[in-house]
>>> print(open('run.pdb').read())   # PDB, C-alpha atoms and all ligand atoms
MODEL        1
ATOM      1  CA  ILE A 185      24.598 -21.654   9.569
ATOM      2  CA  ILE A 186      21.966 -20.104   7.322
ATOM      3  CA  LYS A 187      21.560 -21.669   3.868
ATOM      4  CA  ALA A 188      18.203 -20.265   2.700
ATOM      5  CA  CYS A 189      15.984 -17.204   2.981
ATOM      6  CA  ILE A 190      12.205 -17.399   2.675
ATOM      7  CA  PHE A 191      10.445 -14.108   1.992
ATOM      8  CA  ASP A 192       6.848 -13.165   2.542
ATOM      9  CA  LEU A 193       5.626 -10.990  -0.352
ATOM     10  CA  ASP A 194       2.966  -8.481   0.746
ATOM     11  CA  GLY A 195       4.552  -5.953   3.111
ATOM     12  CA  VAL A 196       8.072  -7.360   2.782
ATOM     13  CA  ILE A 197       8.946  -7.149  -0.920
ATOM     14  CA  VAL A 198       6.079  -4.954  -2.150
ATOM     15  CA  ASP A 199       3.526  -2.785  -0.415
ATOM     16  CA  THR A 200       0.363  -4.335  -1.758
ATOM     17  CA  ALA A 201      -1.428  -3.909   1.586
ATOM     18  CA  VAL A 202      -2.740  -0.560   0.359
ATOM     19  CA  TYR A 203      -4.421  -2.243  -2.641
ATOM     20  CA  HIS A 204      -5.926  -4.990  -0.489
ATOM     21  CA  TYR A 205      -7.246  -2.261   1.824
ATOM     22  CA  LYS A 206      -8.775  -0.210  -1.011
ATOM     23  CA  ALA A 207     -10.531  -3.246  -2.465
ATOM     24  CA  TRP A 208     -11.875  -4.524   0.876
ATOM     25  CA  LYS A 209     -12.990  -0.996   1.800
ATOM     26  CA  ARG A 210     -14.897  -0.681  -1.485
ATOM     27  CA  LEU A 211     -16.628  -3.974  -0.764
ATOM     28  CA  ALA A 212     -17.536  -2.943   2.795
ATOM     29  CA  ASN A 213     -18.822   0.409   1.528
ATOM     30  CA  GLU A 214     -21.042  -1.379  -1.007
ATOM     31  CA  LEU A 215     -22.433  -3.432   1.874
ATOM     32  CA  GLY A 216     -23.158  -0.206   3.758
ATOM     33  CA  PHE A 217     -20.363   0.112   6.306
ATOM     34  CA  ASP A 218     -16.739   1.106   6.632
ATOM     35  CA  PHE A 219     -13.659  -0.026   8.584
ATOM     36  CA  SER A 220     -10.560   1.806   9.750
ATOM     37  CA  GLU A 221      -6.956   1.560   8.700
ATOM     38  CA  GLU A 222      -6.287   0.287  12.203
ATOM     39  CA  ALA A 223      -8.748  -2.585  11.750
ATOM     40  CA  ASN A 224      -7.073  -3.277   8.420
ATOM     41  CA  GLU A 225      -3.899  -4.273  10.304
ATOM     42  CA  LYS A 226      -5.771  -7.410  11.373
ATOM     43  CA  LEU A 227      -6.075  -8.477   7.734
ATOM     44  CA  LYS A 228      -2.333  -8.591   7.073
ATOM     45  CA  GLY A 229      -1.015 -12.083   6.411
ATOM     46  CA  VAL A 230      -4.571 -13.448   6.636
ATOM     47  CA  SER A 231      -6.114 -15.447   3.766
ATOM     48  CA  ARG A 232      -8.737 -13.993   1.440
ATOM     49  CA  VAL A 233     -11.548 -16.135   2.860
ATOM     50  CA  ARG A 234     -10.643 -15.341   6.464
ATOM     51  CA  SER A 235     -10.280 -11.612   5.702
ATOM     52  CA  LEU A 236     -13.830 -11.538   4.352
ATOM     53  CA  GLU A 237     -15.141 -13.365   7.411
ATOM     54  CA  LEU A 238     -13.552 -10.745   9.669
ATOM     55  CA  ILE A 239     -14.887  -7.830   7.621
ATOM     56  CA  LEU A 240     -18.440  -9.214   7.576
ATOM     57  CA  GLN A 241     -18.166  -9.681  11.328
ATOM     58  CA  TRP A 242     -17.129  -6.018  11.738
ATOM     59  CA  GLY A 243     -20.126  -4.942   9.674
ATOM     60  CA  GLY A 244     -22.440  -7.263  11.592
ATOM     61  CA  ILE A 245     -23.487  -8.903   8.332
ATOM     62  CA  ALA A 246     -24.331 -12.579   7.812
ATOM     63  CA  LYS A 247     -23.802 -14.155   4.369
ATOM     64  CA  THR A 248     -24.120 -17.690   3.092
ATOM     65  CA  LYS A 249     -20.997 -19.550   1.898
ATOM     66  CA  ALA A 250     -22.072 -19.037  -1.719
ATOM     67  CA  GLU A 251     -22.567 -15.307  -1.189
ATOM     68  CA  GLN A 252     -19.193 -15.083   0.549
ATOM     69  CA  GLU A 253     -17.527 -16.729  -2.420
ATOM     70  CA  GLU A 254     -19.143 -14.190  -4.738
ATOM     71  CA  LEU A 255     -17.999 -11.277  -2.562
ATOM     72  CA  ALA A 256     -14.438 -12.590  -2.327
ATOM     73  CA  THR A 257     -14.337 -13.004  -6.110
ATOM     74  CA  LYS A 258     -15.588  -9.450  -6.579
ATOM     75  CA  LYS A 259     -12.944  -8.038  -4.216
ATOM     76  CA  ASN A 260     -10.260 -10.045  -5.958
ATOM     77  CA  ALA A 261     -11.262  -8.706  -9.383
ATOM     78  CA  TRP A 262     -10.813  -5.121  -8.096
ATOM     79  CA  TYR A 263      -7.525  -6.070  -6.457
ATOM     80  CA  VAL A 264      -6.204  -7.761  -9.596
ATOM     81  CA  ASP A 265      -7.173  -4.696 -11.595
ATOM     82  CA  MET A 266      -4.992  -2.566  -9.287
ATOM     83  CA  ILE A 267      -1.985  -4.884  -9.152
ATOM     84  CA  SER A 268      -2.074  -5.310 -12.926
ATOM     85  CA  HIS A 269      -0.731  -1.728 -13.085
ATOM     86  CA  MET A 270       2.193  -2.354 -10.710
ATOM     87  CA  THR A 271       5.722  -1.521 -11.856
ATOM     88  CA  PRO A 272       9.249  -2.335 -10.602
ATOM     89  CA  ALA A 273       9.197   1.088  -8.880
ATOM     90  CA  GLU A 274       6.847  -0.435  -6.298
ATOM     91  CA  ILE A 275       9.432  -2.831  -4.898
ATOM     92  CA  LEU A 276      10.095  -1.748  -1.301
ATOM     93  CA  PRO A 277      13.457  -0.025  -0.633
ATOM     94  CA  GLY A 278      16.374  -2.433  -0.415
ATOM     95  CA  ALA A 279      14.308  -5.559  -1.088
ATOM     96  CA  LYS A 280      15.661  -6.434  -4.513
ATOM     97  CA  GLU A 281      19.232  -5.514  -3.513
ATOM     98  CA  PHE A 282      19.127  -7.742  -0.436
ATOM     99  CA  VAL A 283      17.693 -10.749  -2.298
ATOM    100  CA  GLU A 284      20.383 -10.315  -4.965
ATOM    101  CA  ALA A 285      23.106 -10.122  -2.302
ATOM    102  CA  CYS A 286      21.798 -13.369  -0.785
ATOM    103  CA  ARG A 287      21.870 -15.072  -4.170
ATOM    104  CA  GLU A 288      25.409 -13.894  -4.822
ATOM    105  CA  ALA A 289      26.425 -15.299  -1.434
ATOM    106  CA  GLY A 290      25.082 -18.693  -2.545
ATOM    107  CA  LEU A 291      21.944 -18.739  -0.415
ATOM    108  CA  LYS A 292      18.760 -20.366  -1.749
ATOM    109  CA  ILE A 293      15.700 -18.116  -2.048
ATOM    110  CA  ALA A 294      11.987 -18.944  -1.756
ATOM    111  CA  LEU A 295       8.767 -16.984  -1.585
ATOM    112  CA  GLY A 296       6.331 -17.954   1.188
ATOM    113  CA  SER A 297       3.096 -16.031   0.725
ATOM    114  CA  ALA A 298      -0.590 -16.525   1.524
ATOM    115  CA  SER A 299      -1.548 -14.754  -1.694
ATOM    116  CA  LYS A 300      -2.985 -16.507  -4.727
ATOM    117  CA  ASN A 301      -1.874 -13.525  -6.816
ATOM    118  CA  SER A 302       1.833 -13.738  -6.038
ATOM    119  CA  GLY A 303       2.831 -14.961  -9.518
ATOM    120  CA  MET A 304       1.283 -11.922 -11.157
ATOM    121  CA  ILE A 305       2.871  -9.487  -8.683
ATOM    122  CA  LEU A 306       6.342 -10.994  -9.146
ATOM    123  CA  GLU A 307       5.920 -10.710 -12.923
ATOM    124  CA  LYS A 308       4.695  -7.113 -12.784
ATOM    125  CA  VAL A 309       7.592  -5.927 -10.635
ATOM    126  CA  GLY A 310      10.045  -8.048 -12.633
ATOM    127  CA  ILE A 311      11.589 -10.279  -9.953
ATOM    128  CA  THR A 312      10.215 -13.759 -10.749
ATOM    129  CA  ASN A 313      13.682 -15.032 -11.648
ATOM    130  CA  LEU A 314      15.129 -14.147  -8.211
ATOM    131  CA  PHE A 315      13.265 -17.055  -6.592
ATOM    132  CA  ASP A 316      14.377 -20.697  -6.632
ATOM    133  CA  ALA A 317      10.916 -21.712  -5.371
ATOM    134  CA  VAL A 318       7.545 -19.989  -5.047
ATOM    135  CA  ILE A 319       5.120 -21.317  -2.437
ATOM    136  CA  ASP A 320       1.919 -19.290  -2.280
ATOM    137  CA  GLY A 321      -1.799 -19.458  -1.541
ATOM    138  CA  ASN A 322      -2.313 -21.807  -4.484
ATOM    139  CA  LYS A 323      -0.042 -24.426  -2.933
ATOM    140  CA  VAL A 324      -1.029 -24.444   0.734
ATOM    141  CA  SER A 325      -4.163 -25.346   2.637
ATOM    142  CA  LYS A 326      -3.252 -24.158   6.137
ATOM    143  CA  ALA A 327      -2.919 -20.457   6.875
ATOM    144  CA  LYS A 328      -0.100 -18.833   8.881
ATOM    145  CA  PRO A 329       0.610 -19.265  11.853
ATOM    146  CA  ASP A 330       0.595 -22.851  10.595
ATOM    147  CA  PRO A 331       4.134 -23.389   9.250
ATOM    148  CA  GLU A 332       2.989 -25.257   6.103
ATOM    149  CA  VAL A 333       3.915 -22.493   3.639
ATOM    150  CA  PHE A 334       7.461 -22.140   4.988
ATOM    151  CA  LEU A 335       8.048 -25.880   5.459
ATOM    152  CA  LYS A 336       7.061 -26.427   1.816
ATOM    153  CA  GLY A 337       9.498 -23.659   0.871
ATOM    154  CA  ALA A 338      12.349 -25.291   2.818
ATOM    155  CA  GLU A 339      11.509 -28.635   1.260
ATOM    156  CA  ALA A 340      11.483 -27.183  -2.262
ATOM    157  CA  LEU A 341      14.911 -25.659  -1.604
ATOM    158  CA  ASN A 342      16.123 -28.879  -0.022
ATOM    159  CA  VAL A 343      17.346 -27.042   3.096
ATOM    160  CA  PRO A 344      16.506 -28.143   6.676
ATOM    161  CA  PRO A 345      14.148 -25.707   8.514
ATOM    162  CA  ALA A 346      16.800 -24.859  11.128
ATOM    163  CA  GLU A 347      19.001 -23.457   8.341
ATOM    164  CA  CYS A 348      16.259 -21.179   6.961
ATOM    165  CA  VAL A 349      15.427 -17.571   7.848
ATOM    166  CA  VAL A 350      11.927 -16.208   7.264
ATOM    167  CA  PHE A 351      11.301 -12.508   6.546
ATOM    168  CA  GLU A 352       7.795 -11.447   7.607
ATOM    169  CA  ASP A 353       5.734  -8.315   8.347
ATOM    170  CA  ALA A 354       2.806 -10.138   9.993
ATOM    171  CA  ILE A 355       2.772 -11.567  13.491
ATOM    172  CA  ALA A 356       1.043 -14.697  12.155
ATOM    173  CA  GLY A 357       4.007 -15.112   9.812
ATOM    174  CA  ILE A 358       6.615 -14.809  12.573
ATOM    175  CA  GLU A 359       4.659 -17.398  14.563
ATOM    176  CA  ALA A 360       4.574 -19.667  11.508
ATOM    177  CA  ALA A 361       8.365 -19.437  11.226
ATOM    178  CA  ILE A 362       8.786 -20.273  14.916
ATOM    179  CA  ASN A 363       6.310 -23.146  14.600
ATOM    180  CA  GLY A 364       8.344 -24.466  11.678
ATOM    181  CA  GLY A 365      11.613 -24.362  13.651
ATOM    182  CA  MET A 366      13.064 -21.536  11.556
ATOM    183  CA  LYS A 367      14.826 -18.272  12.358
ATOM    184  CA  SER A 368      12.813 -15.126  11.698
ATOM    185  CA  VAL A 369      13.316 -11.468  10.881
ATOM    186  CA  GLY A 370      10.379  -9.146  11.476
ATOM    187  CA  ILE A 371       9.819  -6.262   9.079
ATOM    188  CA  GLY A 372       8.004  -3.533  10.989
ATOM    189  CA  SER A 373       7.614  -2.532  14.608
ATOM    190  CA  PRO A 374       9.276  -4.366  17.543
ATOM    191  CA  ASP A 375       6.060  -3.780  19.535
ATOM    192  CA  VAL A 376       4.203  -6.082  17.149
ATOM    193  CA  LEU A 377       6.951  -8.442  15.988
ATOM    194  CA  GLY A 378       8.932  -8.837  19.219
ATOM    195  CA  LYS A 379       8.914 -12.642  18.948
ATOM    196  CA  ALA A 380      11.231 -12.499  15.922
ATOM    197  CA  ASP A 381      14.998 -13.075  16.283
ATOM    198  CA  LEU A 382      15.583  -9.625  14.793
ATOM    199  CA  VAL A 383      13.228  -6.749  13.913
ATOM    200  CA  ILE A 384      14.072  -4.137  11.272
ATOM    201  CA  SER A 385      11.931  -1.483   9.594
ATOM    202  CA  GLY A 386      12.641  -2.674   6.054
ATOM    203  CA  LEU A 387      15.001  -4.828   3.985
ATOM    204  CA  ASN A 388      17.077  -1.685   3.331
ATOM    205  CA  GLU A 389      18.305  -2.236   6.903
ATOM    206  CA  MET A 390      19.256  -5.869   6.309
ATOM    207  CA  SER A 391      22.721  -7.183   5.424
ATOM    208  CA  LEU A 392      24.561 -10.489   5.103
ATOM    209  CA  GLU A 393      26.488  -9.549   8.271
ATOM    210  CA  LYS A 394      23.235  -9.308  10.257
ATOM    211  CA  LEU A 395      22.035 -12.569   8.707
ATOM    212  CA  ASN A 396      25.116 -14.330  10.025
ATOM    213  CA  THR A 397      24.440 -13.204  13.596
ATOM    214  CA  LEU A 398      21.070 -15.000  13.697
TER     215      LEU A 398
HETATM  216  C1  LIG A 401      -1.357 -11.965   2.200
HETATM  217  C2  LIG A 401      -1.845 -10.570   2.553
HETATM  218  O1  LIG A 401      -0.040 -11.914   1.751
HETATM  219  O2  LIG A 401      -2.179 -12.539   1.187
HETATM  220  C3  LIG A 401      -3.308 -10.610   2.931
HETATM  221  O3  LIG A 401      -1.068 -10.042   3.614
HETATM  222  C4  LIG A 401      -4.119 -11.265   1.810
HETATM  223  O4  LIG A 401      -3.764  -9.298   3.177
HETATM  224  C5  LIG A 401      -3.557 -12.656   1.516
HETATM  225  O5  LIG A 401      -5.487 -11.368   2.179
HETATM  226  C6  LIG A 401      -4.300 -13.378   0.391
HETATM  227  O6  LIG A 401      -4.092 -12.696  -0.804
HETATM  228  P1  LIG A 401      -4.886 -12.941  -2.159
HETATM  229  O7  LIG A 401      -4.081 -12.147  -3.160
HETATM  230  O8  LIG A 401      -4.838 -14.392  -2.444
HETATM  231  O9  LIG A 401      -6.271 -12.460  -1.983
HETATM  232 MG    MG A 402       2.929  -9.875   4.627
ENDMDL
END
>>> encode(input="run.pdb", output="structure tokens", more="lines below")
Ligand code: BG6
Ligand code: MG
Amino acid sequence: IIKACIFDLDGVIVDTAVYHYKAWKRLANELGFDFSEEANEKLKGVSRVRSLELILQWGGIAKTKAEQEELATKKNAWYVDMISHMTPAEILPGAKEFVEACREAGLKIALGSASKNSGMILEKVGITNLFDAVIDGNKVSKAKPDPEVFLKGAEALNVPPAECVVFEDAIAGIEAAINGGMKSVGIGSPDVLGKADLVISGLNEMSLEKLNTL
């Protein structure tokens, strides 16, 4: 029986991937190259540091650790500037309604995100109070597919992993849920997220009935 839901943020509750993409693209362009929207898929669910490593690799550019830190900080400043203008209208269809339905049914709710900016995003779109626990990039040291972020979420909610469901749009996130011994629902394409227990195109397709079949 399911007692808790753990939600990824970017791509599940809000579509911030477009802002990450714009900011990384601007950085790559400043360094003299570009990368495609298709390549950008590889950055989803991946930490800031690792994203930069991949991008520099695509551009064939070598940078010292100190330079990388500077570049990541620069990208983040652009990103923060964009997300600081977010409004509740940017919550993905059905996301808020489904989380509220879970709460009303007595389920515990946590956020499990790689982002260090999750607090600001939740505030901007006005849903901070829907979460019993927020575990994000500031609280974990191991990136998905390591299950750390979701295990910390389950622990904070005081629910055993086997009674938790993870909602994720990234393959690394589905793997993290599996590695943590949790159920998972993929948000996106079955071609990519086939390992999940259920794949839907968005939380507008989710219901408590479907949750109970997991
Ligand atoms: C994840 C995103 O949720 O957070 C990644 O899918 C992003 O694209 C990562 O790189 C880290 O985010 P931030 O906000 O800490 O740079
Ligand atoms: Mg995501």
>>> resolve_selection(input="run.pdb", expression="the PyMOL selection byres (((not hetatm)) within 7 of (chain A and resi 401))", output="list of chain:residue names")
A:Leu193, A:Asp194, A:Gly195, A:Ala201, A:His204, A:Leu227, A:Lys228, A:Gly229, A:Val230, A:Ser231, A:Arg232, A:Ser235, A:Asn260, A:Ser297, A:Ala298, A:Ser299, A:Lys300, A:Asn301, A:Ser302, A:Gly321
>>> write_last_selection(input="run.pdb", atoms="C-alpha atoms", output="mmCIF file, keeping the file's coordinate frame")
data_model
loop_
_atom_site.group_PDB
_atom_site.id
_atom_site.type_symbol
_atom_site.label_atom_id
_atom_site.label_comp_id
_atom_site.auth_asym_id
_atom_site.auth_seq_id
_atom_site.Cartn_x
_atom_site.Cartn_y
_atom_site.Cartn_z
ATOM 1 C CA LEU A 193 5.626 -10.990 -0.352
ATOM 2 C CA ASP A 194 2.966 -8.481 0.746
ATOM 3 C CA GLY A 195 4.552 -5.953 3.111
ATOM 4 C CA ALA A 201 -1.428 -3.909 1.586
ATOM 5 C CA HIS A 204 -5.926 -4.990 -0.489
ATOM 6 C CA LEU A 227 -6.075 -8.477 7.734
ATOM 7 C CA LYS A 228 -2.333 -8.591 7.073
ATOM 8 C CA GLY A 229 -1.015 -12.083 6.411
ATOM 9 C CA VAL A 230 -4.571 -13.448 6.636
ATOM 10 C CA SER A 231 -6.114 -15.447 3.766
ATOM 11 C CA ARG A 232 -8.737 -13.993 1.440
ATOM 12 C CA SER A 235 -10.280 -11.612 5.702
ATOM 13 C CA ASN A 260 -10.260 -10.045 -5.958
ATOM 14 C CA SER A 297 3.096 -16.031 0.725
ATOM 15 C CA ALA A 298 -0.590 -16.525 1.524
ATOM 16 C CA SER A 299 -1.548 -14.754 -1.694
ATOM 17 C CA LYS A 300 -2.985 -16.507 -4.727
ATOM 18 C CA ASN A 301 -1.874 -13.525 -6.816
ATOM 19 C CA SER A 302 1.833 -13.738 -6.038
ATOM 20 C CA GLY A 321 -1.799 -19.458 -1.541
#
>>> resolve_selection(input="run.pdb", expression="the PyMOL selection byres (((chain A and resi 336) around 12) and not hetatm)", output="ChimeraX atom specification")
/A:190,294-297,317-321,323-326,330-335,337-345,348,361,364
>>> write_last_selection(input="run.pdb", atoms="C-alpha atoms", output="PDB file, in the coordinates of the input")
ATOM      1  CA  ILE A 190      12.205 -17.399   2.675  1.00  0.00           C
ATOM      2  CA  ALA A 294      11.987 -18.944  -1.756  1.00  0.00           C
ATOM      3  CA  LEU A 295       8.767 -16.984  -1.585  1.00  0.00           C
ATOM      4  CA  GLY A 296       6.331 -17.954   1.188  1.00  0.00           C
ATOM      5  CA  SER A 297       3.096 -16.031   0.725  1.00  0.00           C
ATOM      6  CA  ALA A 317      10.916 -21.712  -5.371  1.00  0.00           C
ATOM      7  CA  VAL A 318       7.545 -19.989  -5.047  1.00  0.00           C
ATOM      8  CA  ILE A 319       5.120 -21.317  -2.437  1.00  0.00           C
ATOM      9  CA  ASP A 320       1.919 -19.290  -2.280  1.00  0.00           C
ATOM     10  CA  GLY A 321      -1.799 -19.458  -1.541  1.00  0.00           C
ATOM     11  CA  LYS A 323      -0.042 -24.426  -2.933  1.00  0.00           C
ATOM     12  CA  VAL A 324      -1.029 -24.444   0.734  1.00  0.00           C
ATOM     13  CA  SER A 325      -4.163 -25.346   2.637  1.00  0.00           C
ATOM     14  CA  LYS A 326      -3.252 -24.158   6.137  1.00  0.00           C
ATOM     15  CA  ASP A 330       0.595 -22.851  10.595  1.00  0.00           C
ATOM     16  CA  PRO A 331       4.134 -23.389   9.250  1.00  0.00           C
ATOM     17  CA  GLU A 332       2.989 -25.257   6.103  1.00  0.00           C
ATOM     18  CA  VAL A 333       3.915 -22.493   3.639  1.00  0.00           C
ATOM     19  CA  PHE A 334       7.461 -22.140   4.988  1.00  0.00           C
ATOM     20  CA  LEU A 335       8.048 -25.880   5.459  1.00  0.00           C
ATOM     21  CA  GLY A 337       9.498 -23.659   0.871  1.00  0.00           C
ATOM     22  CA  ALA A 338      12.349 -25.291   2.818  1.00  0.00           C
ATOM     23  CA  GLU A 339      11.509 -28.635   1.260  1.00  0.00           C
ATOM     24  CA  ALA A 340      11.483 -27.183  -2.262  1.00  0.00           C
ATOM     25  CA  LEU A 341      14.911 -25.659  -1.604  1.00  0.00           C
ATOM     26  CA  ASN A 342      16.123 -28.879  -0.022  1.00  0.00           C
ATOM     27  CA  VAL A 343      17.346 -27.042   3.096  1.00  0.00           C
ATOM     28  CA  PRO A 344      16.506 -28.143   6.676  1.00  0.00           C
ATOM     29  CA  PRO A 345      14.148 -25.707   8.514  1.00  0.00           C
ATOM     30  CA  CYS A 348      16.259 -21.179   6.961  1.00  0.00           C
ATOM     31  CA  ALA A 361       8.365 -19.437  11.226  1.00  0.00           C
ATOM     32  CA  GLY A 364       8.344 -24.466  11.678  1.00  0.00           C
TER      33      GLY A 364
END
>>> closest_residue(input="run.pdb", among="A:Gly372, A:Gly365, A:Gly310, A:Gly357", to="Lys328 in chain A", atoms="only C-alpha atoms")
A:Gly357
>>> closest_residue(input="run.pdb", among="A:Tyr205, A:Lys308, A:Glu221, A:Ala327", to="Arg234 in chain A", atoms="all atoms listed in the file")
A:Ala327
>>> closest_residue(input="run.pdb", among="A:Glu214, A:Asp192, A:Glu253, A:Asp199", to="ligand MG 402 (chain A)", atoms="only C-alpha atoms and all ligand atoms")
A:Asp192
>>> resolve_selection(input="run.pdb", expression="the PyMOL selection byres (((chain A and resi 271-281) around 8) and not hetatm)", output="number ranges by chain")
A: 196-199, 269-270, 282-285, 308-311, 386-389
>>> residues_near_point(input="run.pdb", point="(5.1, -16.7, 10.9)", cutoff="8 Å", atoms="all atoms listed in the file", output="list in words")
Lys328, Pro329, Asp330, Pro331, Val350, Glu352, Ala354, Ile355, Ala356, Gly357, Ile358, Glu359, Ala360, Ala361, Ile362, Asn363 and Ser368 of chain A
>>> closest_residue(input="run.pdb", among="A:Leu392, A:Ala346, A:Leu236, A:Val202", to="ligand MG 402 (chain A)", atoms="all atoms listed in the file")
A:Val202
>>> closest_residue(input="run.pdb", among="A:Ile185, A:Lys247, A:Thr200, A:Glu222", to="Val349 in chain A", atoms="only C-alpha atoms")
A:Ile185
>>> residues_around(input="run.pdb", residues="Leu240 in chain A", least_positions_apart="6", cutoff="12 Å", atoms="all atoms listed in the file", output="PDB file with C-alpha atoms, keeping the file's coordinate frame")
ATOM      1  CA  TRP A 208     -11.875  -4.524   0.876  1.00  0.00           C
ATOM      2  CA  LYS A 209     -12.990  -0.996   1.800  1.00  0.00           C
ATOM      3  CA  LEU A 211     -16.628  -3.974  -0.764  1.00  0.00           C
ATOM      4  CA  ALA A 212     -17.536  -2.943   2.795  1.00  0.00           C
ATOM      5  CA  ASN A 213     -18.822   0.409   1.528  1.00  0.00           C
ATOM      6  CA  GLU A 214     -21.042  -1.379  -1.007  1.00  0.00           C
ATOM      7  CA  LEU A 215     -22.433  -3.432   1.874  1.00  0.00           C
ATOM      8  CA  GLY A 216     -23.158  -0.206   3.758  1.00  0.00           C
ATOM      9  CA  PHE A 217     -20.363   0.112   6.306  1.00  0.00           C
ATOM     10  CA  ASP A 218     -16.739   1.106   6.632  1.00  0.00           C
ATOM     11  CA  PHE A 219     -13.659  -0.026   8.584  1.00  0.00           C
ATOM     12  CA  VAL A 233     -11.548 -16.135   2.860  1.00  0.00           C
ATOM     13  CA  ARG A 234     -10.643 -15.341   6.464  1.00  0.00           C
ATOM     14  CA  ALA A 246     -24.331 -12.579   7.812  1.00  0.00           C
ATOM     15  CA  LYS A 247     -23.802 -14.155   4.369  1.00  0.00           C
ATOM     16  CA  THR A 248     -24.120 -17.690   3.092  1.00  0.00           C
ATOM     17  CA  GLU A 251     -22.567 -15.307  -1.189  1.00  0.00           C
ATOM     18  CA  GLN A 252     -19.193 -15.083   0.549  1.00  0.00           C
ATOM     19  CA  LEU A 255     -17.999 -11.277  -2.562  1.00  0.00           C
ATOM     20  CA  ALA A 256     -14.438 -12.590  -2.327  1.00  0.00           C
TER      21      ALA A 256
END
>>> atom_distance(input="run.pdb", atom1="CA of Cys286 in chain A", atom2="CA of Cys189 in chain A")
7.9 Å
>>> axis_aligned_box(input="run.pdb", around="range 204-221 of chain A", padding_each_side="4 Å", output="lines of an AutoDock Vina configuration file")
center_x = -14.5
center_y = -1.6
center_z = 3.6
size_x = 25.2
size_y = 14.8
size_z = 20.2
>>> atom_distance(input="run.pdb", atom1="CA of Lys292 in chain A", atom2="CA of Asp381 in chain A")
19.8 Å
>>> closest_residue(input="run.pdb", among="A:Ile371, A:Leu291, A:Met304, A:Leu238", to="ligand MG 402 (chain A)", atoms="all atoms listed in the file")
A:Ile371
>>> atom_distance(input="run.pdb", atom1="CA of Glu347 in chain A", atom2="CA of Lys367 in chain A")
7.8 Å
>>> build_atoms(input="run.pdb", residues="range 214-229 of chain A", atoms="N, CA and C atoms", output="compact mmCIF listing (two decimals), in the coordinates of the input")
# COMPACT_ATOMS: atom_id res chain seq x y z
N GLU A 214 -19.89 -0.89 -0.23
CA GLU A 214 -21.04 -1.38 -1.01
C GLU A 214 -22.06 -2.09 -0.12
N LEU A 215 -21.54 -2.71 0.94
CA LEU A 215 -22.43 -3.43 1.87
C LEU A 215 -22.99 -2.49 2.94
N GLY A 216 -22.58 -1.21 2.87
CA GLY A 216 -23.16 -0.21 3.76
C GLY A 216 -22.42 0.09 5.04
N PHE A 217 -21.14 -0.27 5.13
CA PHE A 217 -20.36 0.11 6.31
C PHE A 217 -18.92 0.41 5.90
N ASP A 218 -18.13 0.74 6.89
CA ASP A 218 -16.74 1.11 6.63
C ASP A 218 -15.86 0.48 7.71
N PHE A 219 -14.55 0.40 7.50
CA PHE A 219 -13.66 -0.03 8.58
C PHE A 219 -12.37 0.77 8.49
N SER A 220 -11.72 0.92 9.64
CA SER A 220 -10.56 1.81 9.75
C SER A 220 -9.27 1.15 9.27
N GLU A 221 -8.28 2.02 9.09
CA GLU A 221 -6.96 1.56 8.70
C GLU A 221 -6.37 0.70 9.83
N GLU A 222 -6.76 1.03 11.04
CA GLU A 222 -6.29 0.29 12.20
C GLU A 222 -6.85 -1.15 12.17
N ALA A 223 -8.13 -1.26 11.87
CA ALA A 223 -8.75 -2.58 11.75
C ALA A 223 -8.08 -3.36 10.62
N ASN A 224 -7.71 -2.64 9.57
CA ASN A 224 -7.07 -3.28 8.42
C ASN A 224 -5.79 -4.03 8.79
N GLU A 225 -5.12 -3.59 9.84
CA GLU A 225 -3.90 -4.27 10.30
C GLU A 225 -4.18 -5.75 10.57
N LYS A 226 -5.40 -6.03 11.03
CA LYS A 226 -5.77 -7.41 11.37
C LYS A 226 -5.89 -8.31 10.14
N LEU A 227 -5.92 -7.69 8.96
CA LEU A 227 -6.08 -8.48 7.73
C LEU A 227 -4.73 -8.88 7.13
N LYS A 228 -3.65 -8.30 7.64
CA LYS A 228 -2.33 -8.59 7.07
C LYS A 228 -1.91 -10.04 7.33
N GLY A 229 -1.47 -10.70 6.29
CA GLY A 229 -1.01 -12.08 6.41
C GLY A 229 -2.14 -13.10 6.47
